[in-house]
Amino acid sequence: MKRIHVAVALIRGADGRILIARRPPDKHQGGLWEFPGGKVEEGEAVQPALARELEEELGIRPTTARPLIQIRHDYPDKQVLLDVWEVSAFTGAPHGAEGQPLAWVSERQLLEHEFPAANRPIVAAARLPDLYLITPDGLAPDELLAGVRTALAGGVRLIQLRAPNMFDAQYRDLAGDVLGLCAGKAQLMLKGPLEWLSDFPAAGWHLTAGQLRKHAAAGRPLPESRWLAASCHNAEELALAARMGVDFVTLSPLQATASHPDARPLGWDAAAELLRGFDRPAYLLGGLGPADIERAWQAGAQGVAAIRALWP
């Protein structure tokens with residue numbers, strides 16, 4: 001069965017809302033909501049295909065677009081490659097040129113709409129920011145709290161509370177304080193034993209590679225309403241993350257770092273090759289900062305995760 005190449009647009013308005021369309025009842029996955037787009041013809045490049053489809057479906061022409069995520073999905077009756085681009089500027093006024101209902105929705109409202117199974121990673125990518133802050137090790141709790149406050153004031157929206165050398169009781173107390181700071185401003189990802197999951201219902205969880213290897217076969221330990229992430233370093237761990245149903249991963253180390261001097265860096269080409277076969281959002285980690293975001297996008301990543309480069 002030949003895989004159908006589909007160009008897909010995540011269209012974001014100036015107010016941050018996202019445009020979705022409802023599939024006709026008589027089509028494959030009819031009645032579900034989707035992100036606009038259509039089939040890439042034989043010999044056609046993706047960006048011209050996307051422009052053509054958006055003009056036909058919505059009466060608009062994209063003027064600013066960048067790669068977001070690629071998803072390979074197998075339905076019982078067809079195989080698709082969704083080549084998803086984020087469109088942040090366009091000319092024209094979107095309308096359902098083929099009679100399809102349209103809706104502008106917030107990132108949170110995406111969760112209230114039913115999409116085809118292949119679209120789930122697109123919904124995750126739409127809701128995740130470009131930058132993932134990981135807190136540095138070796139700081140006292142008051143230093144960590146002060147830094148998180150400054151990061152939140154600077155617009156950071158995704159934070160991992162990492163403090164590997166802190167005692168469990170101290171980490172748990174700190175987690176409660178940081179959760180309070182992040183409420184309504186950013187998503188906090190905690191680390192620790194899975195036995196702690198129910199104690200912090202507002203937090204997401206970031207698994208170590210060791211936890212991923214140990215627990216992947218048991219499936220997702222969190223409901224889909226909570227974020228689940230994992231640290232990955234190779235193709236085997238990426239496959240385990242997909243099997244477990246994580247929402248996103250970090251892939252590291254891209255470059256040599258002071259915190260992991262013995263780790264062998266992947267480099268840009270190897271990272272891009274690994275992400276080509278992975279259908280979840282991924283943050284590249286290791287010696288990177290905000291200046292590397294565009295290159296990370298071109299490599300197929302959601303963005304950049306960092307400790308030093310993002311810590312205030």
# chains A, B, ... in the order shown; residues from 1 in each chain; ligands from 1
>>> residues_around(residues="segment 248-258 of chain A", least_positions_apart="6", cutoff="8 Å", atoms="only C-alpha atoms", output="MDAnalysis selection string")
chainID A and resid 124 228:234 241 264:268 271 280:288 305
>>> residues_around(residues="segment 172-182 of chain A", least_positions_apart="2", cutoff="10 Å", atoms="only C-alpha atoms", output="PyMOL selection string")
chain A and resi 140-142+144-146+148-149+152+156-159+161-163+166-170+184-192+196+199-200+202-203
>>> residues_around(residues="Val40 of chain A", least_positions_apart="6", cutoff="9 Å", atoms="only C-alpha atoms", output="PyMOL selection string")
chain A and resi 4-7+46+48-50+53
>>> atom_distance(atom1="atom CA of Ile71 of chain A", atom2="atom CA of Ala291 of chain A")
25.9 Å
>>> residues_around(residues="Thr64 of chain A", least_positions_apart="5", cutoff="8 Å", atoms="only C-alpha atoms", output="ChimeraX atom specification")
/A:87-90
>>> write_last_selection(atoms="C-alpha atoms", output="short mmCIF file (atom, residue, chain, number, x, y, z; two decimals), in the first residue's frame")
data_model
loop_
_atom_site.label_atom_id
_atom_site.label_comp_id
_atom_site.auth_asym_id
_atom_site.auth_seq_id
_atom_site.Cartn_x
_atom_site.Cartn_y
_atom_site.Cartn_z
CA VAL A 87 1.31 29.11 8.79
CA SER A 88 1.64 32.35 10.78
CA ALA A 89 0.75 34.86 8.05
CA PHE A 90 -1.46 34.75 4.95
#
>>> select_by_dssp(residues="segment 47-178 of chain A", states="strand (DSSP E or B)", output="ChimeraX atom specification")
/A:61-74,79-91,102-105,131-134,158-160
>>> write_last_selection(atoms="C-alpha atoms", output="PDB file, in the first residue's frame")
ATOM      1  CA  ARG A  61      -2.379  32.263   0.316  1.00  0.00           C
ATOM      2  CA  PRO A  62       0.244  31.528   3.004  1.00  0.00           C
ATOM      3  CA  THR A  63       3.023  34.156   3.174  1.00  0.00           C
ATOM      4  CA  THR A  64       4.933  32.862   6.233  1.00  0.00           C
ATOM      5  CA  ALA A  65       5.222  29.119   6.911  1.00  0.00           C
ATOM      6  CA  ARG A  66       7.728  26.808   8.558  1.00  0.00           C
ATOM      7  CA  PRO A  67       7.925  23.033   9.113  1.00  0.00           C
ATOM      8  CA  LEU A  68       6.224  21.854  12.323  1.00  0.00           C
ATOM      9  CA  ILE A  69       6.084  18.036  12.387  1.00  0.00           C
ATOM     10  CA  GLN A  70       5.893  14.982  10.107  1.00  0.00           C
ATOM     11  CA  ILE A  71       3.604  12.094  11.046  1.00  0.00           C
ATOM     12  CA  ARG A  72       3.400   8.644   9.484  1.00  0.00           C
ATOM     13  CA  HIS A  73       0.138   6.916  10.403  1.00  0.00           C
ATOM     14  CA  ASP A  74      -1.410   3.636   9.289  1.00  0.00           C
ATOM     15  CA  GLN A  79      -1.300   4.881   5.044  1.00  0.00           C
ATOM     16  CA  VAL A  80      -0.570   8.598   5.273  1.00  0.00           C
ATOM     17  CA  LEU A  81       2.423  10.897   5.703  1.00  0.00           C
ATOM     18  CA  LEU A  82       1.204  14.177   7.179  1.00  0.00           C
ATOM     19  CA  ASP A  83       3.702  16.938   6.346  1.00  0.00           C
ATOM     20  CA  VAL A  84       2.613  19.657   8.769  1.00  0.00           C
ATOM     21  CA  TRP A  85       3.609  23.323   8.402  1.00  0.00           C
ATOM     22  CA  GLU A  86       2.758  26.173  10.753  1.00  0.00           C
ATOM     23  CA  VAL A  87       1.313  29.107   8.794  1.00  0.00           C
ATOM     24  CA  SER A  88       1.639  32.345  10.779  1.00  0.00           C
ATOM     25  CA  ALA A  89       0.754  34.856   8.046  1.00  0.00           C
ATOM     26  CA  PHE A  90      -1.458  34.750   4.945  1.00  0.00           C
ATOM     27  CA  THR A  91      -3.377  36.944   2.522  1.00  0.00           C
ATOM     28  CA  LEU A 102     -14.595  26.326  10.055  1.00  0.00           C
ATOM     29  CA  ALA A 103     -13.735  27.322  13.625  1.00  0.00           C
ATOM     30  CA  TRP A 104     -11.044  29.496  15.220  1.00  0.00           C
ATOM     31  CA  VAL A 105     -10.109  27.877  18.536  1.00  0.00           C
ATOM     32  CA  LEU A 131      11.491  26.581  24.209  1.00  0.00           C
ATOM     33  CA  TYR A 132      11.684  24.095  27.103  1.00  0.00           C
ATOM     34  CA  LEU A 133      13.522  25.357  30.186  1.00  0.00           C
ATOM     35  CA  ILE A 134      15.265  22.764  32.369  1.00  0.00           C
ATOM     36  CA  LEU A 158       7.293  25.020  29.646  1.00  0.00           C
ATOM     37  CA  ILE A 159       9.570  24.202  32.590  1.00  0.00           C
ATOM     38  CA  GLN A 160      11.138  20.981  33.842  1.00  0.00           C
TER      39      GLN A 160
END
>>> closest_residue(among="A:Ile18, A:Leu128, A:Ala216, A:Ile60", to="Asp247 of chain A", atoms="only C-alpha atoms")
A:Leu128
>>> atom_distance(atom1="atom CA of Arg12 of chain A", atom2="atom CA of Ile307 of chain A")
28.6 Å
>>> atom_distance(atom1="atom CA of Pro136 of chain A", atom2="atom CA of Ala296 of chain A")
22.0 Å
>>> closest_residue(among="A:Gly96, A:Gly38, A:Ser198, A:Gly31", to="Gly59 of chain A", atoms="only C-alpha atoms")
A:Gly96
>>> closest_residue(among="A:Lys78, A:Lys39, A:Arg22, A:Arg127", to="Glu98 of chain A", atoms="only C-alpha atoms")
A:Arg22
>>> select_by_dssp(residues="segment 59-157 of chain A", states="helix (DSSP H, G or I)", output="list in words")
Arg108, Gln109, Leu110, Leu111, Glu112, Ala117, Ala118, Asn119, Arg120, Pro121, Ile122, Val123, Ala124, Ala125, Ala126, Arg127, Pro141, Asp142, Glu143, Leu144, Leu145, Ala146, Gly147, Val148, Arg149, Thr150, Ala151, Leu152 and Ala153 of chain A
>>> closest_residue(among="A:Ala21, A:Ala209, A:Arg108, A:Gly147", to="Ser225 of chain A", atoms="only C-alpha atoms")
A:Arg108
